[in-house]
Amino acid sequence: MASTGTIDISSIGKPAIAPRAKRRHVRSLTGDFPDLDEKGQEKWPKGDEQSWKAAMCDIHSGIPDISKAIVHHVQTSLARAPYNIDDFGAYQAAALSVRDNLIVNWNSTQLEYSRKSPKRAYYLSLEFLMGRTLSNALLNLGLLDNYSSSLSSLGFSLEDVLVQERDAALGNGGLGRLAACYLDSSATQELPVWGYGLRYKYGIFQQLIKADDGTQLEAPDPWLDYQNPWELPRLDVTYEIRFYGNAQRWGEGTGRATWSGGQEVLAVAYDVMIPGYGTRSTNNLRLWESKPKRGFDLQSFNAGNYERAVESSNSAAAITSVLYPNDHTTFGKELRLKQQYFWTAASLADMMRRFKHLDKPISEFSEYNAIQLNDTHPTLAIVELMRILVDDEEVSWDNAWTIVTNTFFFTNHTVLPEALEKWSVPLMEHLLPRHMQIIFDINMLHLQSVEKKFPGDRDRLARLSLIEEGFPKQVRMANLAVVGSKKVNGVAELHSALVKQNLFPDFVDFYGPSKFGNVTNGITPRRWLDQCNPSLSSLITDTLKIDRNVWLKDLYKLQGLLAHVDDPEFQTRWAAVKHQNKERLALFVERQFGIKVDAHALFDVQIKRLHEYKRQTLNILGVIHRYLLIKDMTPEQRKKVVKKVVLFAGKAAPGYYIAKLTIRLIVNAARVINTDPDTNQYLSLFFLPDYSVSLAEILIPASDISQHISTAGTEASGTSNMKFCLNGGLLVGTVDGANIEIAEEVGEDNVFFFGHLTPDVEDLRYQHTYHPIPIEKKSPALAHVLNTVSSGIFGGDGVYEPLLNTIRQGDFYILTDDFDSCRFFRLS
């Protein structure tokens, strides 16, 4: 724009093509702390101090105050009255009143952190599977009973109000639930930990099951349609994020460059308060939403070009629309990479702004900040911090790399080399040209160090390189995460050993074993026992005769239950709690499917993301085997059979055809089994759609046994096994992941192991490839099941042949070898 106030209309809606200015440090409206006078005392910032303090609110914890707060939000926030308020409105008002309490605690916590300037930890995760917030917040605040009484006095049932909340669609599986548990536990332990993620408009998807053939369908998950009372928009916290454009090196060996042009979008912050249990400590989950820098092209609109008028808005909004866009297309791949950079760049900018409040030299950044990378998704944060330090803060390359490698910590979540994330170099150069330059520079210096330690070992250089040669070349994000992090950890003892032995052995040789460690995954007992199974929690508290606030923060206290295992009264109450939870699940299933479920039957549950290595296919084939055995029995023989209800839940990725076929087989097998009058009183089968945290909270307390049957050496850890065990369920599993450590704690008599061990797997795969044995000879029972499925009893036209052929040909996940060893496929 010239000084005359004119503007070139062709530039409207386009980013300025100019050298990028040094980022301006702006103090946001959150997290500030008082100035000090000449005596070192805090100065009151505005107006009369006494007037402010007299008007400031505190926690409303008494029943009258709670009722007043709820009614206040009914009248003002919802603009409703007693005459037109329903259960959902009561939920909204109650949630807003609880959020008021959380904000009071949040402000106090952040002010304390600002005063003391502790080292902060930041947890970068593409998923946060939070579950319902109202019940968890009331539990952690210690206000569950008082809110129940208050709502009752206003004419509502707390139970009816709680179920109005929709699960936040911010995650999919164990990765996201682990992140949520870490946030809860960090707040409970009063640690200064923030989470950073994305505010997905539609989540991963809402899972529907097609009525006529059992196929999984994906629909948008409109979880934000009625707003989210738990989030606080921070419209003052925004950052400009650049894509595409050009990166011009400065030369002269500085390592610096100017990145300009391309597309710029805005990252807007939304905060979700994370309360600790039994403490006022309240941490934060900051979620980013993408918005256009210039949203609406009025010139194009007035010219009749309506699509171009909103093109910028749509392009920006797509970044945070969906978790894990289908990357089977070029557009999907680019969108995924856009997501990852948008999120990490906004988060790093926010951390840098907060660090600058401290007025410390940039060289001390790693002394005040630790960043945990939850898998490879946030690995671009390593490159982005290098870009900020070198290009914006003018730190020398070597000093910047020292800061970076003392800031980041990397958690690996897979043992499958093919699952390690890679991005093509042409895509990276197109979307993030400056970052590709930095990756090349990091790689060159890294390989020079490797060459010094292992001179002439070109094969080792290729394996340790951040770039995988090929057409096109690929950036190995896991290698980048290892090189750029101070420590690398696996998530179970077996997995961490495999990380060193199988995934990164050359890096262990280069850096030494001390860089690699183990941090076994965990769960929060507040949600996964006290909240989802309050009757069991009360029984434990009564039996141990200690306050639940004590044992819910120290599960080793549960060892005190061992003294009561032979107590008839304790056994009776334990059985009553389990049966009560089974009746609750049976009622849920009956309402959803119209089929009455026998709560006295054995409840067998497998709830996991659908994947071949998790072997839901092995489980359903075992269920069909059981069905065929019962079908062949006489009526008298059937009376001796242990009645069983088998329940599956979990989502398959939209592009994962084999996993979706497994769901289809489960659904169609259930239709046959549940309607067969010869067998349905002894065996029933259900697939519960749209798996969520809230559904898990019903399923887990009701389980008698649960299945954790991954191919040995493929499951990094698993956390659902911990949740089932904590709720008194027995585990059926392979010797894999955290199953091993659970067995060490609870005793192998309480875990039913089967199947081959990790050292056997590669030899078995070799035999499958070069010396195959017909399934009819190796496992006649399994061969009969496969032939039955092929016959069309659960759907014709050979629809399941691609799934069955993964077993008949190659059998990579060794179902044929493990099928006969699982006793739970038998009738005893």
# chains A, B, ... in the order shown; residues from 1 in each chain; ligands from 1

$ residues_around --residues "A:Gln92" --least-positions-apart "6" --cutoff "12 Å" --atoms "only C-alpha atoms" --output "PyMOL selection string"
chain A and resi 69-80+85-86+98-99+133-134+161-166+226-230

$ write_last_selection --atoms "N, CA and C atoms" --output "PDB file, in the first residue's frame"
ATOM      1  N   ALA A  69     -24.813 -20.912  40.219  1.00  0.00           N
ATOM      2  CA  ALA A  69     -23.964 -20.827  39.032  1.00  0.00           C
ATOM      3  C   ALA A  69     -24.632 -21.486  37.826  1.00  0.00           C
ATOM      4  N   ILE A  70     -25.252 -22.640  38.037  1.00  0.00           N
ATOM      5  CA  ILE A  70     -25.927 -23.333  36.935  1.00  0.00           C
ATOM      6  C   ILE A  70     -27.078 -22.490  36.397  1.00  0.00           C
ATOM      7  N   VAL A  71     -27.916 -21.980  37.301  1.00  0.00           N
ATOM      8  CA  VAL A  71     -29.063 -21.172  36.877  1.00  0.00           C
ATOM      9  C   VAL A  71     -28.587 -19.897  36.181  1.00  0.00           C
ATOM     10  N   HIS A  72     -27.495 -19.320  36.681  1.00  0.00           N
ATOM     11  CA  HIS A  72     -26.935 -18.132  36.036  1.00  0.00           C
ATOM     12  C   HIS A  72     -26.620 -18.416  34.563  1.00  0.00           C
ATOM     13  N   HIS A  73     -26.000 -19.558  34.290  1.00  0.00           N
ATOM     14  CA  HIS A  73     -25.657 -19.884  32.894  1.00  0.00           C
ATOM     15  C   HIS A  73     -26.903 -20.251  32.091  1.00  0.00           C
ATOM     16  N   VAL A  74     -27.913 -20.837  32.726  1.00  0.00           N
ATOM     17  CA  VAL A  74     -29.170 -21.091  32.020  1.00  0.00           C
ATOM     18  C   VAL A  74     -29.761 -19.772  31.532  1.00  0.00           C
ATOM     19  N   GLN A  75     -29.737 -18.760  32.395  1.00  0.00           N
ATOM     20  CA  GLN A  75     -30.360 -17.491  32.062  1.00  0.00           C
ATOM     21  C   GLN A  75     -29.522 -16.656  31.097  1.00  0.00           C
ATOM     22  N   THR A  76     -28.204 -16.633  31.299  1.00  0.00           N
ATOM     23  CA  THR A  76     -27.370 -15.698  30.545  1.00  0.00           C
ATOM     24  C   THR A  76     -26.644 -16.342  29.370  1.00  0.00           C
ATOM     25  N   SER A  77     -25.943 -17.441  29.615  1.00  0.00           N
ATOM     26  CA  SER A  77     -25.180 -18.067  28.527  1.00  0.00           C
ATOM     27  C   SER A  77     -26.089 -18.750  27.511  1.00  0.00           C
ATOM     28  N   LEU A  78     -27.188 -19.356  28.004  1.00  0.00           N
ATOM     29  CA  LEU A  78     -28.099 -20.082  27.109  1.00  0.00           C
ATOM     30  C   LEU A  78     -29.344 -19.286  26.767  1.00  0.00           C
ATOM     31  N   ALA A  79     -29.603 -18.202  27.524  1.00  0.00           N
ATOM     32  CA  ALA A  79     -30.807 -17.382  27.326  1.00  0.00           C
ATOM     33  C   ALA A  79     -32.075 -18.237  27.387  1.00  0.00           C
ATOM     34  N   ARG A  80     -32.135 -19.094  28.412  1.00  0.00           N
ATOM     35  CA  ARG A  80     -33.297 -19.964  28.592  1.00  0.00           C
ATOM     36  C   ARG A  80     -33.841 -19.799  30.005  1.00  0.00           C
ATOM     37  N   ILE A  85     -35.951 -25.605  29.543  1.00  0.00           N
ATOM     38  CA  ILE A  85     -34.624 -26.208  29.675  1.00  0.00           C
ATOM     39  C   ILE A  85     -34.762 -27.722  29.712  1.00  0.00           C
ATOM     40  N   ASP A  86     -33.975 -28.408  28.906  1.00  0.00           N
ATOM     41  CA  ASP A  86     -34.018 -29.868  28.856  1.00  0.00           C
ATOM     42  C   ASP A  86     -32.701 -30.424  29.394  1.00  0.00           C
ATOM     43  N   VAL A  98     -18.883 -25.543  35.703  1.00  0.00           N
ATOM     44  CA  VAL A  98     -17.659 -26.260  36.076  1.00  0.00           C
ATOM     45  C   VAL A  98     -16.448 -25.607  35.414  1.00  0.00           C
ATOM     46  N   ARG A  99     -16.619 -25.183  34.173  1.00  0.00           N
ATOM     47  CA  ARG A  99     -15.511 -24.506  33.478  1.00  0.00           C
ATOM     48  C   ARG A  99     -15.109 -23.233  34.219  1.00  0.00           C
ATOM     49  N   THR A 133     -15.750 -34.888  29.460  1.00  0.00           N
ATOM     50  CA  THR A 133     -15.012 -34.025  30.375  1.00  0.00           C
ATOM     51  C   THR A 133     -15.761 -33.746  31.663  1.00  0.00           C
ATOM     52  N   LEU A 134     -17.089 -33.624  31.616  1.00  0.00           N
ATOM     53  CA  LEU A 134     -17.839 -33.189  32.801  1.00  0.00           C
ATOM     54  C   LEU A 134     -17.628 -34.130  33.978  1.00  0.00           C
ATOM     55  N   VAL A 161     -27.758 -36.113  32.745  1.00  0.00           N
ATOM     56  CA  VAL A 161     -27.024 -34.945  32.254  1.00  0.00           C
ATOM     57  C   VAL A 161     -25.673 -35.359  31.677  1.00  0.00           C
ATOM     58  N   LEU A 162     -24.978 -36.280  32.346  1.00  0.00           N
ATOM     59  CA  LEU A 162     -23.645 -36.681  31.909  1.00  0.00           C
ATOM     60  C   LEU A 162     -23.649 -37.282  30.512  1.00  0.00           C
ATOM     61  N   VAL A 163     -24.670 -38.072  30.190  1.00  0.00           N
ATOM     62  CA  VAL A 163     -24.678 -38.764  28.893  1.00  0.00           C
ATOM     63  C   VAL A 163     -25.012 -37.834  27.738  1.00  0.00           C
ATOM     64  N   GLN A 164     -25.335 -36.569  28.025  1.00  0.00           N
ATOM     65  CA  GLN A 164     -25.597 -35.612  26.947  1.00  0.00           C
ATOM     66  C   GLN A 164     -24.309 -35.189  26.247  1.00  0.00           C
ATOM     67  N   GLU A 165     -23.190 -35.349  26.942  1.00  0.00           N
ATOM     68  CA  GLU A 165     -21.920 -34.889  26.377  1.00  0.00           C
ATOM     69  C   GLU A 165     -21.427 -35.831  25.294  1.00  0.00           C
ATOM     70  N   ARG A 166     -20.984 -35.246  24.203  1.00  0.00           N
ATOM     71  CA  ARG A 166     -20.398 -36.021  23.111  1.00  0.00           C
ATOM     72  C   ARG A 166     -18.888 -36.073  23.298  1.00  0.00           C
ATOM     73  N   TYR A 226     -22.791 -28.259  18.418  1.00  0.00           N
ATOM     74  CA  TYR A 226     -23.446 -27.528  19.500  1.00  0.00           C
ATOM     75  C   TYR A 226     -22.428 -26.840  20.402  1.00  0.00           C
ATOM     76  N   GLN A 227     -21.303 -26.463  19.790  1.00  0.00           N
ATOM     77  CA  GLN A 227     -20.208 -25.810  20.500  1.00  0.00           C
ATOM     78  C   GLN A 227     -19.595 -26.765  21.526  1.00  0.00           C
ATOM     79  N   ASN A 228     -18.461 -26.368  22.022  1.00  0.00           N
ATOM     80  CA  ASN A 228     -17.752 -27.162  23.021  1.00  0.00           C
ATOM     81  C   ASN A 228     -17.579 -26.303  24.271  1.00  0.00           C
ATOM     82  N   PRO A 229     -18.355 -26.560  25.311  1.00  0.00           N
ATOM     83  CA  PRO A 229     -18.278 -25.694  26.498  1.00  0.00           C
ATOM     84  C   PRO A 229     -16.949 -25.762  27.223  1.00  0.00           C
ATOM     85  N   TRP A 230     -16.112 -26.734  26.884  1.00  0.00           N
ATOM     86  CA  TRP A 230     -14.863 -26.928  27.620  1.00  0.00           C
ATOM     87  C   TRP A 230     -13.699 -26.152  27.041  1.00  0.00           C
TER      88      TRP A 230
END

$ residues_around --residues "stretch 193-200 of chain A" --least-positions-apart "5" --cutoff "9 Å" --atoms "only C-alpha atoms" --output "ChimeraX atom specification"
/A:120-128,169-170,179-180,183,186-187,269-270,283-290,319-323,339,343-344,347

$ atom_distance --atom1 "atom CA of A:Pro677" --atom2 "atom CA of A:Gln616"
25.8 Å

$ closest_residue --among "A:Ser152, A:Tyr511, A:Leu629, A:Pro220" --to "A:Leu208" --atoms "only C-alpha atoms"
A:Pro220

$ atom_distance --atom1 "atom CA of A:Ser67" --atom2 "atom CA of A:Asn105"
19.7 Å

$ closest_residue --among "A:Ala716, A:Gly262, A:Leu178, A:Ile630" --to "A:Leu494" --atoms "only C-alpha atoms"
A:Ala716

$ select_by_dssp --residues "stretch 84-298 of chain A" --states "strand (DSSP E)" --output "PyMOL selection string"
chain A and resi 120-124+193-198+206-209+216-219+231-243+246-249+257-260+263-275+282-292

$ atom_distance --atom1 "atom CA of A:Ile59" --atom2 "atom CA of A:Asp547"
23.0 Å

$ residues_around --residues "A:His430" --least-positions-apart "5" --cutoff "12 Å" --atoms "only C-alpha atoms" --output "ChimeraX atom specification"
/A:243-247,262-263,334,337-338,423-425,435-437

$ select_by_dssp --residues "stretch 335-554 of chain A" --states "alpha helix (DSSP H)" --output "PyMOL selection string"
chain A and resi 335-356+365-368+380-387+397-405+425-431+433-453+458-464+477-484+493-498+505-511+525+534-544+548-551

$ residues_around --residues "A:Gln707" --least-positions-apart "5" --cutoff "9 Å" --atoms "only C-alpha atoms" --output "tab-separated table (two decimals) with N, CA, C and O atoms, in the first residue's frame"
chain	number	residue	atom	x	y	z
A	604	ASP	N	-16.55	-61.69	26.84
A	604	ASP	CA	-15.24	-61.75	26.19
A	604	ASP	C	-15.13	-60.53	25.27
A	604	ASP	O	-15.91	-60.40	24.33
A	605	VAL	N	-14.17	-59.65	25.53
A	605	VAL	CA	-14.15	-58.34	24.87
A	605	VAL	C	-12.81	-58.11	24.16
A	605	VAL	O	-11.74	-58.40	24.71
A	606	GLN	N	-12.90	-57.59	22.93
A	606	GLN	CA	-11.71	-57.08	22.23
A	606	GLN	C	-12.05	-55.72	21.65
A	606	GLN	O	-12.88	-55.61	20.75
A	607	ILE	N	-11.42	-54.68	22.17
A	607	ILE	CA	-11.69	-53.32	21.70
A	607	ILE	C	-10.36	-52.66	21.36
A	607	ILE	O	-9.58	-52.30	22.22
A	616	GLN	N	-7.68	-59.05	15.16
A	616	GLN	CA	-9.12	-59.26	15.33
A	616	GLN	C	-9.61	-60.39	14.43
A	616	GLN	O	-10.57	-61.09	14.76
A	619	ASN	N	-9.36	-63.63	16.22
A	619	ASN	CA	-10.42	-63.73	17.22
A	619	ASN	C	-11.75	-64.12	16.59
A	619	ASN	O	-12.43	-65.04	17.07
A	721	ASN	N	-5.08	-53.30	27.84
A	721	ASN	CA	-4.81	-54.43	28.74
A	721	ASN	C	-4.71	-53.97	30.19
A	721	ASN	O	-5.18	-54.65	31.11
A	731	LEU	N	-6.84	-61.49	31.45
A	731	LEU	CA	-6.30	-61.20	30.12
A	731	LEU	C	-5.98	-62.49	29.38
A	731	LEU	O	-5.37	-63.40	29.94
A	732	VAL	N	-6.38	-62.52	28.12
A	732	VAL	CA	-5.93	-63.55	27.18
A	732	VAL	C	-5.00	-62.85	26.21
A	732	VAL	O	-5.38	-61.85	25.59
A	733	GLY	N	-3.77	-63.34	26.08
A	733	GLY	CA	-2.87	-62.61	25.23
A	733	GLY	C	-1.65	-63.38	24.81
A	733	GLY	O	-1.36	-64.47	25.31

$ residues_around --residues "A:Cys532" --least-positions-apart "6" --cutoff "8 Å" --atoms "only C-alpha atoms" --output "CSV table (one decimal) with C-alpha atoms, in the first residue's frame"
chain,number,residue,atom,x,y,z
A,697,GLU,CA,-16.0,-47.0,30.1
A,698,ILE,CA,-19.0,-49.3,29.8
A,701,PRO,CA,-15.7,-52.8,33.8

$ decode --residues "stretch 33-51 of chain A" --atoms "N, CA, C and O atoms" --output "compact mmCIF listing (two decimals), in the first residue's frame"
# COMPACT_ATOMS: atom_id res chain seq x y z
N PHE A 33 2.21 -11.73 34.46
CA PHE A 33 2.44 -11.67 35.89
C PHE A 33 2.67 -10.21 36.29
O PHE A 33 3.00 -9.37 35.46
N PRO A 34 2.49 -9.89 37.56
CA PRO A 34 2.55 -8.49 37.98
C PRO A 34 3.95 -7.90 37.85
O PRO A 34 4.96 -8.59 37.97
N ASP A 35 3.98 -6.56 37.63
CA ASP A 35 5.24 -5.84 37.70
C ASP A 35 5.58 -5.60 39.17
O ASP A 35 4.73 -5.69 40.06
N LEU A 36 6.84 -5.30 39.44
CA LEU A 36 7.32 -5.07 40.79
C LEU A 36 7.69 -3.60 40.98
O LEU A 36 8.16 -2.93 40.04
N ASP A 37 7.46 -3.10 42.19
CA ASP A 37 7.88 -1.73 42.49
C ASP A 37 9.35 -1.73 42.92
O ASP A 37 10.03 -2.77 42.87
N GLU A 38 9.83 -0.55 43.35
CA GLU A 38 11.24 -0.43 43.69
C GLU A 38 11.64 -1.26 44.91
O GLU A 38 12.82 -1.58 45.10
N LYS A 39 10.65 -1.69 45.71
CA LYS A 39 10.92 -2.53 46.87
C LYS A 39 10.78 -4.02 46.55
O LYS A 39 10.92 -4.86 47.44
N GLY A 40 10.48 -4.32 45.31
CA GLY A 40 10.31 -5.72 44.93
C GLY A 40 8.93 -6.28 45.22
O GLY A 40 8.71 -7.49 45.11
N GLN A 41 7.99 -5.40 45.57
CA GLN A 41 6.63 -5.82 45.85
C GLN A 41 5.79 -5.75 44.58
O GLN A 41 6.01 -4.89 43.71
N GLU A 42 4.81 -6.65 44.47
CA GLU A 42 3.95 -6.65 43.29
C GLU A 42 3.07 -5.40 43.26
O GLU A 42 2.50 -5.00 44.27
N LYS A 43 2.98 -4.79 42.07
CA LYS A 43 2.14 -3.61 41.89
C LYS A 43 0.79 -4.03 41.30
O LYS A 43 0.73 -4.86 40.40
N TRP A 44 -0.29 -3.45 41.83
CA TRP A 44 -1.61 -3.73 41.26
C TRP A 44 -1.74 -3.01 39.94
O TRP A 44 -1.43 -1.82 39.83
N PRO A 45 -2.15 -3.72 38.86
CA PRO A 45 -2.03 -3.13 37.52
C PRO A 45 -3.06 -2.06 37.17
O PRO A 45 -2.74 -1.11 36.46
N LYS A 46 -4.31 -2.21 37.63
CA LYS A 46 -5.35 -1.29 37.17
C LYS A 46 -6.34 -1.00 38.28
O LYS A 46 -6.73 -1.89 39.03
N GLY A 47 -6.81 0.24 38.35
CA GLY A 47 -7.91 0.59 39.23
C GLY A 47 -7.62 0.37 40.70
O GLY A 47 -6.46 0.26 41.14
N ASP A 48 -8.71 0.27 41.46
CA ASP A 48 -8.60 0.09 42.90
C ASP A 48 -8.47 -1.39 43.24
O ASP A 48 -9.33 -2.19 42.89
N GLU A 49 -7.39 -1.72 43.94
CA GLU A 49 -7.10 -3.12 44.24
C GLU A 49 -8.22 -3.77 45.04
O GLU A 49 -8.63 -4.90 44.76
N GLN A 50 -8.75 -3.05 46.04
CA GLN A 50 -9.79 -3.64 46.89
C GLN A 50 -11.08 -3.89 46.10
O GLN A 50 -11.76 -4.89 46.32
N SER A 51 -11.41 -2.99 45.19
CA SER A 51 -12.62 -3.18 44.37
C SER A 51 -12.49 -4.43 43.51
O SER A 51 -13.44 -5.21 43.37
